[in-house]
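Below is structure_14.cif, holding mmCIF, C-alpha atoms.
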```cif
data_input
loop_
_atom_site.group_PDB
_atom_site.id
_atom_site.type_symbol
_atom_site.label_atom_id
_atom_site.label_comp_id
_atom_site.auth_asym_id
_atom_site.auth_seq_id
_atom_site.Cartn_x
_atom_site.Cartn_y
_atom_site.Cartn_z
ATOM 1 C CA MET A 1 -14.881 -12.450 2.239
ATOM 2 C CA THR A 2 -14.031 -11.430 5.772
ATOM 3 C CA ARG A 3 -15.050 -8.132 7.347
ATOM 4 C CA ASP A 4 -11.438 -6.895 7.362
ATOM 5 C CA ASN A 5 -11.075 -7.728 3.666
ATOM 6 C CA ARG A 6 -14.219 -5.750 2.857
ATOM 7 C CA ILE A 7 -12.938 -2.792 4.882
ATOM 8 C CA ALA A 8 -9.556 -2.968 3.135
ATOM 9 C CA LEU A 9 -11.147 -3.043 -0.329
ATOM 10 C CA PHE A 10 -13.415 -0.134 0.522
ATOM 11 C CA LEU A 11 -10.463 1.794 1.934
ATOM 12 C CA MET A 12 -8.414 1.235 -1.226
ATOM 13 C CA GLU A 13 -11.293 2.440 -3.405
ATOM 14 C CA GLU A 14 -11.666 5.587 -1.332
ATOM 15 C CA LEU A 15 -7.909 6.251 -1.240
ATOM 16 C CA VAL A 16 -7.724 6.001 -5.030
ATOM 17 C CA ALA A 17 -10.708 8.355 -5.351
ATOM 18 C CA ALA A 18 -9.003 10.882 -3.045
ATOM 19 C CA LEU A 19 -5.832 10.675 -5.138
ATOM 20 C CA ARG A 20 -7.761 11.180 -8.372
ATOM 21 C CA VAL A 21 -9.320 14.415 -7.145
ATOM 22 C CA ASN A 22 -6.015 15.461 -5.544
ATOM 23 C CA ASP A 23 -7.464 15.778 -2.029
ATOM 24 C CA PRO A 24 -4.644 15.212 0.483
ATOM 25 C CA ASP A 25 -6.865 15.960 3.487
ATOM 26 C CA ALA A 26 -9.336 13.251 2.488
ATOM 27 C CA PHE A 27 -6.440 10.841 1.853
ATOM 28 C CA ARG A 28 -4.983 11.479 5.326
ATOM 29 C CA GLY A 29 -8.403 11.176 6.948
ATOM 30 C CA LEU A 30 -9.069 7.872 5.220
ATOM 31 C CA LEU A 31 -5.662 6.537 6.259
ATOM 32 C CA SER A 32 -6.344 7.518 9.849
ATOM 33 C CA GLU A 33 -9.742 5.831 9.809
ATOM 34 C CA GLY A 34 -8.314 2.720 8.147
ATOM 35 C CA ILE A 35 -5.575 2.490 10.761
ATOM 36 C CA GLN A 36 -8.166 2.742 13.539
ATOM 37 C CA LYS A 37 -10.284 -0.031 12.044
ATOM 38 C CA LEU A 38 -7.604 -2.379 10.664
ATOM 39 C CA GLY A 39 -4.433 -1.484 12.534
ATOM 40 C CA VAL A 40 -1.191 0.108 11.399
ATOM 41 C CA THR A 41 0.443 -3.108 10.194
ATOM 42 C CA GLU A 42 -2.441 -4.141 7.952
ATOM 43 C CA VAL A 43 -2.838 -0.695 6.352
ATOM 44 C CA GLU A 44 0.913 -0.337 5.875
ATOM 45 C CA GLU A 45 1.157 -3.752 4.207
ATOM 46 C CA MET A 46 -1.830 -3.040 1.984
ATOM 47 C CA LEU A 47 -0.362 0.281 0.815
ATOM 48 C CA LEU A 48 3.091 -1.148 0.233
ATOM 49 C CA VAL A 49 1.790 -3.983 -1.934
ATOM 50 C CA TRP A 50 -0.374 -1.520 -3.861
ATOM 51 C CA LEU A 51 2.400 1.046 -4.312
ATOM 52 C CA TYR A 52 4.991 -1.556 -5.284
ATOM 53 C CA SER A 53 2.842 -2.526 -8.248
ATOM 54 C CA PHE A 54 3.717 0.876 -9.753
ATOM 55 C CA LEU A 55 7.483 0.687 -9.113
ATOM 56 C CA THR A 56 10.289 -1.206 -10.785
ATOM 57 C CA ALA A 57 12.459 -3.416 -8.565
ATOM 58 C CA GLU A 58 15.240 -0.797 -8.730
ATOM 59 C CA GLU A 59 12.852 1.957 -7.597
ATOM 60 C CA GLN A 60 11.547 -0.235 -4.785
ATOM 61 C CA ASN A 61 15.045 -0.886 -3.495
ATOM 62 C CA ARG A 62 16.039 2.768 -3.760
ATOM 63 C CA LEU A 63 12.868 3.872 -1.996
ATOM 64 C CA LEU A 64 13.549 1.533 0.905
ATOM 65 C CA GLY A 65 17.243 2.427 1.050
ATOM 66 C CA TRP A 66 18.224 -1.239 0.993
ATOM 67 C CA GLN A 67 20.464 -1.069 -2.027
ATOM 68 C CA GLY A 68 23.497 0.076 -0.055
ATOM 69 C CA ARG A 69 22.972 -2.660 2.538
ATOM 70 C CA GLY A 70 23.129 -5.490 0.036
ATOM 71 C CA LEU A 71 19.457 -6.375 0.533
ATOM 72 C CA GLN A 72 16.831 -6.549 -2.174
ATOM 73 C CA MET A 73 13.084 -7.012 -2.300
ATOM 74 C CA THR A 74 11.861 -9.234 -5.073
ATOM 75 C CA ARG A 75 8.385 -10.205 -6.088
ATOM 76 C CA ARG A 76 7.604 -13.684 -7.256
ATOM 77 C CA ARG A 77 6.360 -13.596 -10.814
ATOM 78 C CA GLY A 78 2.576 -13.483 -10.951
ATOM 79 C CA SER A 79 2.238 -12.887 -7.231
ATOM 80 C CA ASN A 80 1.345 -9.865 -5.101
ATOM 81 C CA GLU A 81 3.534 -11.167 -2.299
ATOM 82 C CA LEU A 82 6.902 -9.575 -1.670
#
```

As structure tokens:
Amino acid sequence: MTRDNRIALFLMEELVAALRVNDPDAFRGLLSEGIQKLGVTEVEEMLLVWLYSFLTAEEQNRLLGWQGRGLQMTRRRGSNEL
């Protein structure tokens, strides 16, 4: 496992813990630290994949505002890739 993968896994664990105790300041601080260590793109992608696992395809499209543009995000069955 690469260093960045270990950081990402640790970050996800800490973000979930901050959500469980309803601590928005800790969540923001962890995001900021994660962005500094991994970069905006990597943290954004990690969060989107994680958040999409809780949303239906319709909710994903509505959230992104793509429905009106004729675009759709679909996930391949059994895959975490969008």

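The nearest approach to Arg3 in chain A among the residues A:Leu15, A:Leu38, A:Leu31, A:Ala26, with all atoms listed in the file taken into account, belongs to A:Leu38.
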
Handout entry: Shortest interatomic distance to Ala8 in chain A - which of A:Glu42, A:Phe54, A:Val49, A:Glu59, counting all atoms listed in the file
Key = A:Glu42

Practice task
Just the residues within 12 Å of Arg28 in chain A, please, counting only C-alpha atoms, with nothing from its chain fewer than 3 positions along; format it as a PyMOL selection string.
Solution key: chain A and resi 11+14-15+18-19+22-25+31-35

Problem - Nearest to Gln60 in chain A by atom-to-atom distance, counting only C-alpha atoms, from A:Val40, A:Leu48, A:Ile7, A:Val16 - result: A:Leu48

Exercise for the section: Work out how far CA of Lys37 in chain A is from CA of Asp4 in chain A, in Å to one decimal. Expected result: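 These atoms are spaced 8.4 Å apart.
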
Problem - Atom pair CA of Val43 in chain A / CA of Met12 in chain A: separation (Å) - result: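 Answer for the CA of Val43 in chain A to CA of Met12 in chain A separation: 9.6 Å.
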
Practice task
In Å, rounded to a single decimal, give me how far CA of Arg6 in chain A is from CA of Ser53 in chain A.
Solution key: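 Separating CA of Ser53 in chain A from CA of Arg6 in chain A is a distance of 20.6 Å.
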